[in-house]
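query.cif (mmCIF, C-alpha atoms and all ligand atoms)
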```
data_protein
#
loop_
_atom_site.label_atom_id
_atom_site.label_comp_id
_atom_site.auth_asym_id
_atom_site.auth_seq_id
_atom_site.Cartn_x
_atom_site.Cartn_y
_atom_site.Cartn_z
CA MET A 1 0.00 0.00 0.00
CA ILE A 2 1.25 3.49 -0.83
CA THR A 3 1.39 5.82 2.15
CA PRO A 4 1.51 9.65 2.00
CA ILE A 5 5.00 11.11 1.96
CA GLU A 6 6.24 13.86 4.26
CA GLY A 7 8.81 16.36 3.01
CA PHE A 8 8.84 15.24 -0.64
CA SER A 9 10.03 18.69 -1.71
CA LYS A 10 13.10 18.32 0.53
CA LEU A 11 14.31 15.15 -1.23
CA THR A 12 17.04 15.39 -3.86
CA LYS A 13 15.98 14.94 -7.47
CA GLU A 14 17.44 11.45 -7.48
CA GLU A 15 15.46 10.54 -4.35
CA LYS A 16 12.27 11.99 -5.80
CA ILE A 17 12.75 9.90 -8.94
CA ASP A 18 13.39 6.75 -6.89
CA TRP A 19 10.31 7.36 -4.77
CA ILE A 20 7.98 7.99 -7.69
CA VAL A 21 9.15 5.08 -9.86
CA THR A 22 9.13 2.67 -6.93
CA ASN A 23 5.73 3.63 -5.62
CA TYR A 24 3.78 4.50 -8.74
CA THR A 25 5.17 2.62 -11.73
CA HIS A 26 5.17 -1.07 -12.67
CA ASN A 27 8.73 -1.21 -13.87
CA PRO A 28 10.93 1.14 -11.83
CA VAL A 29 14.09 0.44 -13.85
CA THR A 30 12.45 1.26 -17.18
CA SER A 31 10.63 4.25 -15.70
CA LYS A 32 13.86 5.63 -14.26
CA ASN A 33 15.54 5.24 -17.62
CA ILE A 34 12.76 7.15 -19.35
CA LEU A 35 12.97 9.99 -16.85
CA ASN A 36 16.76 10.12 -17.07
CA ASN A 37 16.72 10.10 -20.87
CA TYR A 38 14.86 13.39 -20.85
CA LEU A 39 17.30 15.11 -18.52
CA ASN A 40 19.73 17.44 -20.24
CA THR A 41 23.39 16.47 -20.14
CA ASP A 42 24.32 20.13 -19.82
CA GLN A 43 24.16 20.44 -16.01
CA GLU A 44 23.68 24.18 -16.01
CA LEU A 45 20.82 24.06 -18.50
CA GLN A 46 19.21 21.27 -16.49
CA LYS A 47 19.53 23.27 -13.28
CA LEU A 48 17.79 26.19 -14.97
CA HIS A 49 14.86 23.97 -15.90
CA ASP A 50 14.82 22.27 -12.50
CA GLU A 51 14.33 25.65 -10.90
CA PHE A 52 11.44 26.83 -13.08
CA ILE A 53 9.02 24.82 -10.93
CA GLU A 54 8.95 22.73 -7.77
CA ASN A 55 9.64 18.99 -7.49
CA THR A 56 11.11 18.72 -11.00
CA ILE A 57 12.01 15.14 -11.90
CA THR A 58 12.78 15.57 -15.60
CA ASN A 59 11.88 17.69 -18.66
CA PHE A 60 8.80 17.31 -20.80
CA TYR A 61 9.55 17.98 -24.46
CA LEU A 62 7.29 19.39 -27.15
CA PRO A 63 8.46 19.72 -30.73
CA LEU A 64 9.35 23.26 -31.78
CA GLY A 65 8.45 23.80 -35.43
CA ILE A 66 8.70 26.73 -37.81
CA ALA A 67 5.96 28.05 -40.08
CA PRO A 68 7.76 30.25 -42.62
CA ASN A 69 6.60 32.87 -45.15
CA PHE A 70 4.19 34.86 -43.02
CA LEU A 71 3.87 38.29 -44.56
CA ILE A 72 2.52 40.54 -41.80
CA ASN A 73 2.12 44.26 -42.55
CA ASP A 74 4.63 43.79 -45.41
CA GLN A 75 7.27 42.23 -43.14
CA LEU A 76 8.25 38.60 -43.55
CA PHE A 77 8.18 36.34 -40.48
CA ALA A 78 9.07 32.73 -39.75
CA ILE A 79 6.87 31.79 -36.79
CA PRO A 80 8.13 29.36 -34.11
CA MET A 81 5.41 27.02 -32.85
CA ALA A 82 5.66 24.61 -29.91
CA ILE A 83 2.96 21.98 -30.29
CA GLU A 84 2.47 18.22 -30.19
CA GLU A 85 -0.38 17.99 -32.71
CA SER A 86 0.53 16.99 -36.24
CA SER A 87 -0.84 19.13 -39.10
CA VAL A 88 -0.84 22.41 -37.18
CA VAL A 89 2.53 23.72 -38.38
CA ALA A 90 1.85 22.36 -41.87
CA ALA A 91 -1.55 24.09 -41.96
CA ALA A 92 -0.09 27.39 -40.75
CA SER A 93 2.65 27.23 -43.39
CA LYS A 94 0.09 26.49 -46.10
CA ALA A 95 -2.10 29.43 -45.10
CA ALA A 96 0.96 31.70 -44.94
CA LYS A 97 1.96 30.68 -48.46
CA PHE A 98 -1.57 31.14 -49.78
CA TRP A 99 -1.91 34.69 -48.40
CA PHE A 100 1.68 35.66 -49.21
CA LYS A 101 0.73 35.81 -52.88
CA LEU A 102 -2.32 37.92 -52.05
CA GLY A 103 -0.57 40.64 -50.04
CA GLY A 104 -0.28 38.88 -46.70
CA PHE A 105 -1.87 39.64 -43.35
CA LYS A 106 -2.75 43.09 -42.01
CA THR A 107 -2.98 43.71 -38.29
CA SER A 108 -3.82 46.51 -35.90
CA ILE A 109 -3.85 46.98 -32.15
CA ILE A 110 -7.28 48.00 -30.87
CA GLY A 111 -6.27 48.40 -27.22
CA THR A 112 -3.67 47.39 -24.62
CA GLU A 113 -5.54 47.90 -21.37
CA LYS A 114 -5.19 45.27 -18.63
CA ILE A 115 -7.45 44.75 -15.65
CA GLY A 116 -7.07 43.95 -11.98
CA GLN A 117 -9.54 44.04 -9.12
CA VAL A 118 -9.65 44.35 -5.36
CA HIS A 119 -12.74 42.39 -4.31
CA PHE A 120 -14.18 43.48 -1.00
CA MET A 121 -17.24 43.39 1.26
CA TYR A 122 -18.66 46.59 2.69
CA HIS A 123 -21.59 46.65 5.09
CA GLY A 124 -23.12 50.07 4.90
CA ASP A 125 -24.23 53.09 2.92
CA PRO A 126 -22.96 52.97 -0.70
CA GLU A 127 -23.01 56.76 -0.99
CA LYS A 128 -20.64 57.10 1.94
CA LEU A 129 -18.36 54.51 0.33
CA GLU A 130 -18.38 56.48 -2.91
CA LYS A 131 -17.40 59.64 -1.05
CA PHE A 132 -14.66 57.80 0.84
CA PHE A 133 -13.35 56.31 -2.40
CA ASN A 134 -13.17 59.74 -4.08
CA GLU A 135 -11.25 61.12 -1.12
CA VAL A 136 -8.83 58.20 -0.81
CA GLN A 137 -8.06 57.66 -4.51
CA GLU A 138 -5.03 59.95 -4.58
CA LYS A 139 -3.56 58.19 -1.56
CA LEU A 140 -4.05 54.80 -3.23
CA LEU A 141 -1.89 55.94 -6.13
CA LYS A 142 0.64 57.74 -3.95
CA GLU A 143 1.27 54.77 -1.70
CA ALA A 144 1.77 52.53 -4.74
CA SER A 145 4.28 54.92 -6.31
CA ASP A 146 7.31 52.79 -5.33
CA ILE A 147 5.79 49.98 -7.39
CA THR A 148 4.60 52.16 -10.28
CA LYS A 149 7.44 54.66 -10.74
CA ASN A 150 9.57 52.57 -13.13
CA MET A 151 6.58 51.54 -15.23
CA GLU A 152 5.50 55.21 -15.33
CA LYS A 153 8.95 56.29 -16.49
CA ARG A 154 8.50 53.99 -19.47
CA GLY A 155 5.03 55.35 -20.23
CA GLY A 156 2.83 52.80 -18.47
CA GLY A 157 1.23 52.50 -15.05
CA VAL A 158 -2.20 52.68 -13.47
CA LEU A 159 -4.73 54.15 -15.89
CA LYS A 160 -7.83 54.24 -13.76
CA ILE A 161 -9.31 53.04 -10.47
CA GLU A 162 -13.09 52.74 -10.34
CA LEU A 163 -15.35 51.79 -7.50
CA ARG A 164 -17.93 49.25 -8.68
CA ASN A 165 -21.03 48.36 -6.75
CA LYS A 166 -21.86 44.67 -7.34
CA THR A 167 -24.43 44.31 -4.58
CA GLU A 168 -27.24 43.51 -7.01
CA LYS A 169 -25.47 40.26 -7.79
CA LEU A 170 -23.92 39.52 -4.39
CA PRO A 171 -24.89 41.27 -1.14
CA ASN A 172 -22.24 43.70 0.19
CA TYR A 173 -19.87 43.01 -2.70
CA PHE A 174 -17.87 45.92 -4.17
CA GLN A 175 -14.72 46.17 -6.27
CA LEU A 176 -11.88 48.49 -6.99
CA HIS A 177 -11.81 47.85 -10.71
CA CYS A 178 -8.41 49.00 -11.95
CA THR A 179 -6.99 49.39 -15.44
CA PHE A 180 -3.31 49.26 -16.25
CA GLU A 181 -0.88 49.79 -19.10
CA THR A 182 2.02 47.39 -18.69
CA LEU A 183 3.82 47.98 -22.03
CA ASP A 184 6.02 45.01 -22.98
CA ALA A 185 5.43 43.13 -19.73
CA MET A 186 2.52 40.73 -19.36
CA GLY A 187 2.20 42.62 -16.10
CA ALA A 188 0.86 40.00 -13.70
CA ASN A 189 3.40 40.80 -10.96
CA PHE A 190 3.12 44.52 -11.45
CA ILE A 191 -0.69 44.46 -11.38
CA ASN A 192 -0.93 42.14 -8.39
CA SER A 193 1.59 44.18 -6.39
CA CYS A 194 -0.33 47.40 -7.14
CA LEU A 195 -3.62 45.78 -6.17
CA GLU A 196 -2.30 44.44 -2.87
CA GLN A 197 -0.99 47.90 -2.04
CA PHE A 198 -4.33 49.52 -2.98
CA ALA A 199 -6.14 47.00 -0.81
CA SER A 200 -3.97 47.66 2.22
CA THR A 201 -4.24 51.48 1.90
CA PHE A 202 -7.98 51.25 1.30
CA LYS A 203 -8.60 49.06 4.34
CA ARG A 204 -6.43 51.14 6.64
CA GLU A 205 -7.93 54.46 5.54
CA ALA A 206 -11.46 53.10 6.00
CA LEU A 207 -10.67 52.30 9.62
CA ASN A 208 -9.76 55.96 10.16
CA TYR A 209 -12.62 57.48 8.17
CA SER A 210 -14.72 59.39 10.66
CA ALA A 211 -17.91 59.46 8.54
CA PHE A 212 -18.09 55.65 8.60
CA ASN A 213 -19.86 53.81 11.44
CA GLU A 214 -18.19 50.76 12.98
CA ASP A 215 -19.58 48.32 10.38
CA GLU A 216 -18.63 50.60 7.50
CA LYS A 217 -15.10 51.03 8.81
CA ASN A 218 -14.56 47.33 8.71
CA ILE A 219 -13.98 46.74 5.00
CA GLU A 220 -13.28 43.06 4.34
CA VAL A 221 -10.83 42.60 1.50
CA VAL A 222 -11.53 39.16 0.03
CA MET A 223 -8.79 39.14 -2.60
CA SER A 224 -6.70 41.29 -4.91
CA ILE A 225 -5.84 39.80 -8.29
CA LEU A 226 -5.44 40.61 -11.96
CA SER A 227 -8.13 39.48 -14.38
CA ASN A 228 -7.25 37.31 -17.36
CA TYR A 229 -10.34 38.65 -19.08
CA VAL A 230 -8.88 41.51 -21.14
CA PRO A 231 -11.49 42.58 -23.72
CA ASN A 232 -9.70 45.92 -24.12
CA CYS A 233 -6.29 44.38 -24.74
CA LEU A 234 -7.33 43.54 -28.24
CA VAL A 235 -5.72 42.93 -31.61
CA ARG A 236 -7.22 42.50 -35.07
CA ALA A 237 -5.68 40.43 -37.86
CA GLU A 238 -7.19 40.19 -41.30
CA VAL A 239 -6.71 39.03 -44.85
CA SER A 240 -8.63 40.18 -47.90
CA CYS A 241 -8.51 39.88 -51.66
CA PRO A 242 -10.69 40.17 -54.75
CA VAL A 243 -12.84 37.05 -54.57
CA GLU A 244 -11.71 35.68 -57.95
CA LYS A 245 -8.14 35.42 -56.61
CA LEU A 246 -9.19 32.70 -54.18
CA SER A 247 -9.01 30.06 -56.89
CA LYS A 248 -7.82 29.57 -60.47
CA ASP A 249 -11.41 29.08 -61.59
CA PRO A 250 -13.61 32.20 -60.91
CA LYS A 251 -16.77 30.12 -60.32
CA SER A 252 -15.17 27.89 -57.73
CA ALA A 253 -13.57 30.98 -56.14
CA VAL A 254 -17.00 32.46 -55.40
CA GLU A 255 -18.31 29.08 -54.23
CA PHE A 256 -15.32 28.70 -51.93
CA ALA A 257 -15.80 32.20 -50.46
CA GLN A 258 -19.48 31.48 -49.85
CA LYS A 259 -18.71 28.20 -48.15
CA MET A 260 -16.13 29.87 -45.90
CA ILE A 261 -18.73 32.48 -44.96
CA GLN A 262 -21.29 29.75 -44.26
CA ALA A 263 -18.78 27.89 -42.11
CA VAL A 264 -18.20 31.03 -40.06
CA ALA A 265 -21.95 31.72 -39.89
CA ILE A 266 -22.52 28.24 -38.45
CA ALA A 267 -19.80 28.76 -35.85
CA LYS A 268 -21.40 32.09 -34.94
CA ILE A 269 -24.76 30.59 -34.00
CA GLU A 270 -23.92 26.99 -33.00
CA PRO A 271 -21.82 26.60 -29.83
CA HIS A 272 -20.89 22.97 -30.55
CA ARG A 273 -19.28 24.06 -33.77
CA ALA A 274 -17.97 27.34 -32.31
CA VAL A 275 -15.93 25.51 -29.67
CA THR A 276 -14.19 23.33 -32.28
CA HIS A 277 -13.81 26.27 -34.67
CA ASN A 278 -12.12 28.27 -31.89
CA LYS A 279 -10.08 25.25 -30.79
CA GLY A 280 -8.54 25.28 -34.24
CA ILE A 281 -7.68 28.96 -33.80
CA MET A 282 -6.07 28.18 -30.44
CA ASN A 283 -3.91 25.51 -32.13
CA GLY A 284 -2.05 28.40 -33.74
CA VAL A 285 -2.33 30.84 -30.85
CA ASP A 286 -1.16 28.48 -28.09
CA ALA A 287 1.75 27.15 -30.13
CA VAL A 288 3.22 30.66 -30.50
CA ILE A 289 2.32 31.59 -26.93
CA LEU A 290 4.21 28.55 -25.65
CA ALA A 291 7.22 29.06 -27.92
CA THR A 292 7.51 32.66 -26.72
CA GLY A 293 7.25 31.75 -23.03
CA ASN A 294 3.83 33.27 -22.45
CA ASP A 295 1.02 31.90 -20.31
CA PHE A 296 -1.30 29.89 -22.54
CA ARG A 297 -3.76 29.17 -19.72
CA ALA A 298 -4.28 32.89 -19.18
CA VAL A 299 -4.75 33.44 -22.90
CA GLU A 300 -7.11 30.46 -23.27
CA ALA A 301 -9.30 31.61 -20.35
CA GLY A 302 -9.45 35.18 -21.63
CA VAL A 303 -10.09 34.26 -25.25
CA HIS A 304 -12.98 31.91 -24.48
CA ALA A 305 -14.56 34.45 -22.12
CA TYR A 306 -14.32 36.96 -24.96
CA ALA A 307 -15.97 34.49 -27.33
CA ALA A 308 -18.92 34.38 -24.90
CA LYS A 309 -19.00 38.09 -24.08
CA ASP A 310 -22.45 38.71 -25.60
CA GLY A 311 -24.06 35.82 -23.71
CA ASN A 312 -23.59 33.13 -26.37
CA TYR A 313 -20.36 31.30 -27.11
CA THR A 314 -19.51 32.23 -30.69
CA SER A 315 -16.87 32.26 -33.42
CA LEU A 316 -13.77 34.37 -32.89
CA THR A 317 -13.34 34.87 -36.63
CA ASP A 318 -15.57 36.61 -39.13
CA ALA A 319 -15.82 36.57 -42.92
CA SER A 320 -17.53 38.69 -45.55
CA LEU A 321 -17.91 39.04 -49.31
CA GLU A 322 -18.78 42.60 -50.27
CA ASN A 323 -18.28 44.41 -53.58
CA GLY A 324 -16.28 41.47 -54.86
CA ILE A 325 -13.83 41.52 -51.93
CA PHE A 326 -13.47 38.48 -49.68
CA LYS A 327 -12.41 39.43 -46.17
CA PHE A 328 -11.56 37.15 -43.26
CA TRP A 329 -10.61 38.49 -39.84
CA ILE A 330 -10.20 37.88 -36.13
CA ASP A 331 -10.30 40.03 -33.00
CA LEU A 332 -8.39 38.47 -30.12
CA PRO A 333 -7.85 39.62 -26.54
CA LEU A 334 -4.19 38.87 -25.78
CA ALA A 335 -2.26 39.96 -22.70
CA LEU A 336 1.30 39.05 -23.63
CA GLY A 337 4.80 39.89 -22.52
CA THR A 338 8.11 40.07 -24.32
CA VAL A 339 10.08 41.08 -21.23
CA GLY A 340 10.08 39.44 -17.80
CA GLY A 341 8.87 35.94 -17.02
CA LEU A 342 10.63 33.26 -19.04
CA THR A 343 11.59 35.59 -21.88
CA LYS A 344 15.22 36.06 -20.90
CA LEU A 345 15.55 32.91 -18.81
CA HIS A 346 14.56 30.08 -21.14
CA PRO A 347 17.14 29.75 -23.94
CA LEU A 348 14.57 28.45 -26.44
CA VAL A 349 12.11 31.21 -25.63
CA LYS A 350 14.88 33.75 -26.09
CA LEU A 351 15.73 32.19 -29.43
CA ALA A 352 12.07 32.08 -30.53
CA LEU A 353 11.74 35.78 -29.74
CA GLU A 354 14.94 36.48 -31.66
CA VAL A 355 13.56 34.57 -34.67
CA LEU A 356 10.54 36.89 -34.43
CA GLN A 357 12.93 39.87 -34.50
CA ASN A 358 12.53 40.58 -30.77
CA PRO A 359 9.01 41.93 -30.98
CA SER A 360 7.40 44.36 -28.55
CA ALA A 361 4.34 42.97 -26.74
CA LYS A 362 2.14 44.78 -29.28
CA GLU A 363 4.03 43.20 -32.18
CA LEU A 364 3.78 39.77 -30.58
CA MET A 365 0.01 40.25 -30.15
CA GLN A 366 -0.19 40.82 -33.91
CA ILE A 367 1.91 37.79 -34.78
CA VAL A 368 -0.12 35.54 -32.47
CA ALA A 369 -3.42 36.80 -33.88
CA VAL A 370 -2.14 36.07 -37.39
CA ALA A 371 -1.17 32.54 -36.35
CA GLY A 372 -4.72 32.02 -35.03
CA LEU A 373 -6.35 33.45 -38.14
CA ALA A 374 -4.10 31.42 -40.47
CA GLN A 375 -4.92 28.26 -38.56
CA ASN A 376 -8.64 28.88 -38.82
CA PHE A 377 -8.38 29.71 -42.52
CA ALA A 378 -6.47 26.49 -43.17
CA ALA A 379 -8.89 24.37 -41.12
CA LEU A 380 -12.02 25.84 -42.76
CA ARG A 381 -10.45 25.58 -46.18
CA SER A 382 -9.90 21.86 -45.69
CA LEU A 383 -13.26 21.33 -44.03
CA VAL A 384 -15.30 22.99 -46.79
CA THR A 385 -13.31 21.41 -49.64
CA THR A 386 -11.53 18.07 -49.24
CA GLY A 387 -12.54 17.39 -45.62
CA ILE A 388 -10.09 17.48 -42.75
CA GLN A 389 -9.05 13.84 -42.70
CA GLU A 390 -7.10 13.89 -45.96
CA GLY A 391 -4.43 16.31 -44.69
CA HIS A 392 -4.70 15.14 -41.12
CA MET A 393 -4.13 11.48 -41.83
CA LYS A 394 -1.16 12.22 -44.07
CA MET A 395 0.52 13.90 -41.11
CA HIS A 396 -0.83 11.38 -38.66
CA LEU A 397 0.57 8.54 -40.78
CA LEU A 398 4.04 9.14 -39.42
CA ASN A 399 2.78 9.07 -35.83
CA ILE A 400 1.03 5.75 -36.42
CA LEU A 401 4.10 4.29 -38.13
CA ASN A 402 6.29 5.42 -35.23
CA GLN A 403 3.87 3.81 -32.77
CA LEU A 404 4.09 0.58 -34.78
CA GLY A 405 7.88 0.73 -34.65
CA ALA A 406 8.35 1.06 -38.42
CA THR A 407 11.91 1.34 -39.71
CA ASP A 408 12.97 4.31 -41.88
CA GLN A 409 12.77 2.08 -44.96
CA GLU A 410 9.25 0.95 -44.02
CA LYS A 411 8.20 4.56 -43.42
CA THR A 412 9.40 5.58 -46.89
CA THR A 413 7.59 2.67 -48.56
CA LEU A 414 4.34 3.25 -46.68
CA THR A 415 4.39 7.05 -47.16
CA GLN A 416 4.65 6.36 -50.90
CA HIS A 417 1.83 3.83 -50.69
CA PHE A 418 -0.50 6.27 -48.89
CA LYS A 419 0.03 8.96 -51.49
CA LYS A 420 -2.31 6.83 -53.59
CA HIS A 421 -4.53 5.36 -50.86
CA THR A 422 -6.66 6.75 -48.08
CA ALA A 423 -4.85 6.58 -44.76
CA THR A 424 -6.98 5.60 -41.79
CA HIS A 425 -5.64 4.08 -38.59
CA SER A 426 -6.73 0.56 -39.59
CA SER A 427 -5.55 0.87 -43.21
CA VAL A 428 -2.10 1.97 -41.99
CA VAL A 429 -1.88 -0.95 -39.54
CA ALA A 430 -3.00 -3.38 -42.26
CA ALA A 431 -0.49 -2.04 -44.81
CA PHE A 432 2.29 -2.14 -42.22
CA GLU A 433 1.54 -5.74 -41.27
CA ASN A 434 1.29 -6.66 -44.91
CA LEU A 435 4.71 -5.16 -45.61
CA ARG A 436 6.29 -6.86 -42.60
CA ASN A 437 4.89 -10.24 -43.65
CA GLN A 438 6.11 -10.01 -47.23
C1 LIG B 1 -8.19 20.14 -34.93
O1 LIG B 1 -7.16 20.26 -33.98
C2 LIG B 1 -8.79 21.49 -35.23
C3 LIG B 1 -10.02 21.48 -36.15
O2 LIG B 1 -11.00 20.59 -35.63
C4 LIG B 1 -10.54 22.88 -36.19
C5 LIG B 1 -11.86 23.05 -36.89
O3 LIG B 1 -12.66 22.10 -36.95
O4 LIG B 1 -12.12 24.19 -37.36
C6 LIG B 1 -9.65 20.99 -37.51
#
```
Kindly transcribe the structure held in the file into structure tokens.
Amino acid sequence: MITPIEGFSKLTKEEKIDWIVTNYTHNPVTSKNILNNYLNTDQELQKLHDEFIENTITNFYLPLGIAPNFLINDQLFAIPMAIEESSVVAAASKAAKFWFKLGGFKTSIIGTEKIGQVHFMYHGDPEKLEKFFNEVQEKLLKEASDITKNMEKRGGGVLKIELRNKTEKLPNYFQLHCTFETLDAMGANFINSCLEQFASTFKREALNYSAFNEDEKNIEVVMSILSNYVPNCLVRAEVSCPVEKLSKDPKSAVEFAQKMIQAVAIAKIEPHRAVTHNKGIMNGVDAVILATGNDFRAVEAGVHAYAAKDGNYTSLTDASLENGIFKFWIDLPLALGTVGGLTKLHPLVKLALEVLQNPSAKELMQIVAVAGLAQNFAALRSLVTTGIQEGHMKMHLLNILNQLGATDQEKTTLTQHFKKHTATHSSVVAAFENLRNQ
């Protein structure tokens, strides 16, 4: 029987590995070998990775791929993508190539505002709270000036602090709803430090506010934390072209445009489809977010909340055909950083950012939005024409062959074979067994 362990974090890495493989795996020797195989032989590099998190026992690899030929605002980019799913990098590259010939992607920043909130309970007269808030606001900012001064020097800082009354939804619940400009930093630490300072000033000043009665003085701060919902930290990416340029044959070009528009229309009104449609977008978005050391969970949470902002979960992309021009675009809320966090620490992240020409946070927002749009274009293009499985299975073929333990020679033979035949999981297994038994 496995018993709980005390002081696991204090064990050495070797001891942690021994404990986990002995207690939780069937074959400790093999398990230990697997874990050790993923450790880096460069001790210093390994130490760096060990220290990113707690209780590290090895590294977990994802492939880093490149999708080249992205023309964004007339500048050419090769986009690094960290992702395990086959077809994603290939699809991005295909979409990049397609739009390269048609003038590429255009992007613009709609806003860069980030949000944080102090959530608190106040038992008393809202008007008195409003008055107190107006009187204390300057002090809130002043007492946070040690935290904000460097950001302010660079042109960022606290943009606004609002008092919000939420008592209609939850009795006694109010917020300090704060907006920030954090420039090239994702800003989580900056925002959270500001909020905690606001909360402490606010609480202390309330205790000394003579117009408050005893209940009113006793403001209960529940928590102070940034929000990953950033609808005003928004970027647009789009592509457009005369509709006839979408295909060699003008008739099929119009048909294709109409089908793309229908596909988007379906995703706009049907949540089951919208979720998958947006998942495809996030294939591109997350892969760049990961490669550039940003927080994909924050982005995922914020993007999906944005997709549901009007009360129904809907498509993040849009498409139109007007006056003979086909247009396809996306608006994405993205709170990203190109300084701080992992950006200088993780050698691969540093390299990925270098490949992207060391973008500012605004530039990275634009690149990420393009990756999402390209991914959606490629997915819809396959879905409304050949179907997704054709391209997917071609890429998946290699994964299946690897799982089956095919040799390089067998892989070459079977890749050739499936150029002429439909690849499904069972047809690949059958062809592999057939080849082995010849
Ligand atoms: C697969 O990872 C993504 C797609 O399902 C997206 C879509 O259906 O639009 C192909």
Next on the checklist: Just checking: using only C-alpha atoms and all ligand atoms, which residue out of A:Glu168, A:Glu363, A:Glu181, A:Glu84 ends up closest to ligand LIG 1 (chain B)?
Outcome noted: A:Glu84
Next on the checklist: From (-16.8, 34.2, -48.5), in the file's coordinates, out to 7 Å: which residues are reached, counting only C-alpha atoms? Answer as number ranges by chain.
Outcome noted: A: 256-261, 319-321, 326
Checklist entry - So, counting all atoms listed in the file, which residue among A:Gly157, A:Gly284, A:Pro80, A:Pro347 is closest to ligand LIG 1 (chain B)? => result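 Closest candidate: A:Gly284.
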Next on the checklist: Just the number, please: distance in Å from CA of Pro63 in chain A to CA of Gln403 in chain A, one decimal.
Outcome noted: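 Going from CA of Pro63 in chain A over to CA of Gln403 in chain A, I get 16.7 Å.
Pairwise distance (CA of Phe70 in chain A, CA of Phe105 in chain A) equals 7.7 Å.
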Mind running chain A against ligand LIG 1 (chain B) at 10 Å and telling me each contacting residue's nearest atom pair with the distance in Å (one decimal), counting only C-alpha atoms and all ligand atoms, chain and number ascending, as CSV?
```
residue,atom,partner,partner_atom,distance
A:Glu85,CA,B:LIG1,O1,7.3
A:Ser86,CA,B:LIG1,O1,8.7
A:Ser87,CA,B:LIG1,O1,8.2
A:Val88,CA,B:LIG1,O1,7.4
A:Ala91,CA,B:LIG1,C6,9.7
A:Ala263,CA,B:LIG1,O4,9.0
A:Val264,CA,B:LIG1,O4,9.5
A:Ala267,CA,B:LIG1,O4,9.1
A:Arg273,CA,B:LIG1,O3,7.6
A:Ala274,CA,B:LIG1,O4,8.3
A:Val275,CA,B:LIG1,C5,8.6
A:Thr276,CA,B:LIG1,O3,5.1
A:His277,CA,B:LIG1,O4,3.8
A:Asn278,CA,B:LIG1,O4,6.8
A:Lys279,CA,B:LIG1,C4,5.9
A:Gly280,CA,B:LIG1,C4,3.7
A:Ile281,CA,B:LIG1,C4,7.1
A:Met282,CA,B:LIG1,C2,8.7
A:Asn283,CA,B:LIG1,O1,6.4
A:Gly284,CA,B:LIG1,O1,9.6
A:Gln375,CA,B:LIG1,C4,8.1
A:Asn376,CA,B:LIG1,O4,6.0
A:Phe377,CA,B:LIG1,O4,8.4
A:Ala378,CA,B:LIG1,O4,8.4
A:Ala379,CA,B:LIG1,O4,5.0
A:Leu380,CA,B:LIG1,O4,5.6
A:Arg381,CA,B:LIG1,O4,9.1
A:Ser382,CA,B:LIG1,C6,8.2
A:Leu383,CA,B:LIG1,O3,7.1
A:Gly387,CA,B:LIG1,C6,9.3
A:Ile388,CA,B:LIG1,C6,6.3
A:Gln389,CA,B:LIG1,C6,8.9
A:His392,CA,B:LIG1,C6,8.5
```
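All protein and nucleic acid residues in the vicinity of (-2.0, 29.8, -29.5), that is within 10 Å when counting only C-alpha atoms, are Met81, Ala82, Ile83, Lys279, Gly280, Ile281, Met282, Asn283, Gly284, Val285, Asp286, Ala287, Val288, Ile289, Leu290, Ala291, Asn294, Asp295, Phe296, Arg297, Val299, Glu300, Val368, Ala369, Ala371, Gly372 and Gln375 of chain A.
CA of Asn165 in chain A is positioned 23.0 Å from CA of Ser193 in chain A.
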Checklist entry - Near range 409-423 of chain A, within 9 Å and counting all atoms listed in the file, which residues show up once chain neighbours fewer than 5 positions away are dropped, as a PyMOL selection string? => result chain A and resi 389-390+393-394+396-398+401-402+428+431-432+435-436
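Neighbouring residues of Lys309 in chain A at 9 Å or closer, counting all atoms listed in the file and skipping chain neighbours under 5 positions away, are A:Pro231, A:His304, A:Thr314.
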Could you please take those selected residues and save C-alpha atoms as an mmCIF file, in the frame of the given file?
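Okay, this is what ended up in part-v2.cif:
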```cif
data_model
loop_
_atom_site.group_PDB
_atom_site.id
_atom_site.type_symbol
_atom_site.label_atom_id
_atom_site.label_comp_id
_atom_site.auth_asym_id
_atom_site.auth_seq_id
_atom_site.Cartn_x
_atom_site.Cartn_y
_atom_site.Cartn_z
ATOM 1 C CA PRO A 231 -11.490 42.580 -23.720
ATOM 2 C CA HIS A 304 -12.980 31.910 -24.480
ATOM 3 C CA THR A 314 -19.510 32.230 -30.690
#
```
Checklist entry - Which neighbours of Thr338 in chain A fall inside 12 Å, counting only C-alpha atoms, when residues of the same chain fewer than 3 positions from it are skipped, and could you give them as a ChimeraX atom specification? => result /A:182-187,289,291-295,335,341-345,349-350,352-354,356-365
Item to check | Among listed residues A:Lys13, A:His119, A:Lys32, A:Lys97, nearest Glu196 in chain A (using all atoms listed in the file) | outcome: A:His119
Next on the checklist: Neighbouring residues of range 46-58 of chain A were defined as those with any atom within 7 Å, considering all atoms listed in the file; residues of the same chain fewer than 2 positions away were excluded. Please report them as a PyMOL selection string.
Outcome noted: chain A and resi 9+13+16-17+35-36+38-40+42-44+60
Serialized selection, C-alpha atoms, as an mmCIF file, in the frame of the given file:
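In the end it all went to part.cif:
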```cif
data_model
loop_
_atom_site.group_PDB
_atom_site.id
_atom_site.type_symbol
_atom_site.label_atom_id
_atom_site.label_comp_id
_atom_site.auth_asym_id
_atom_site.auth_seq_id
_atom_site.Cartn_x
_atom_site.Cartn_y
_atom_site.Cartn_z
ATOM 1 C CA SER A 9 10.030 18.690 -1.710
ATOM 2 C CA LYS A 13 15.980 14.940 -7.470
ATOM 3 C CA LYS A 16 12.270 11.990 -5.800
ATOM 4 C CA ILE A 17 12.750 9.900 -8.940
ATOM 5 C CA LEU A 35 12.970 9.990 -16.850
ATOM 6 C CA ASN A 36 16.760 10.120 -17.070
ATOM 7 C CA TYR A 38 14.860 13.390 -20.850
ATOM 8 C CA LEU A 39 17.300 15.110 -18.520
ATOM 9 C CA ASN A 40 19.730 17.440 -20.240
ATOM 10 C CA ASP A 42 24.320 20.130 -19.820
ATOM 11 C CA GLN A 43 24.160 20.440 -16.010
ATOM 12 C CA GLU A 44 23.680 24.180 -16.010
ATOM 13 C CA PHE A 60 8.800 17.310 -20.800
#
```
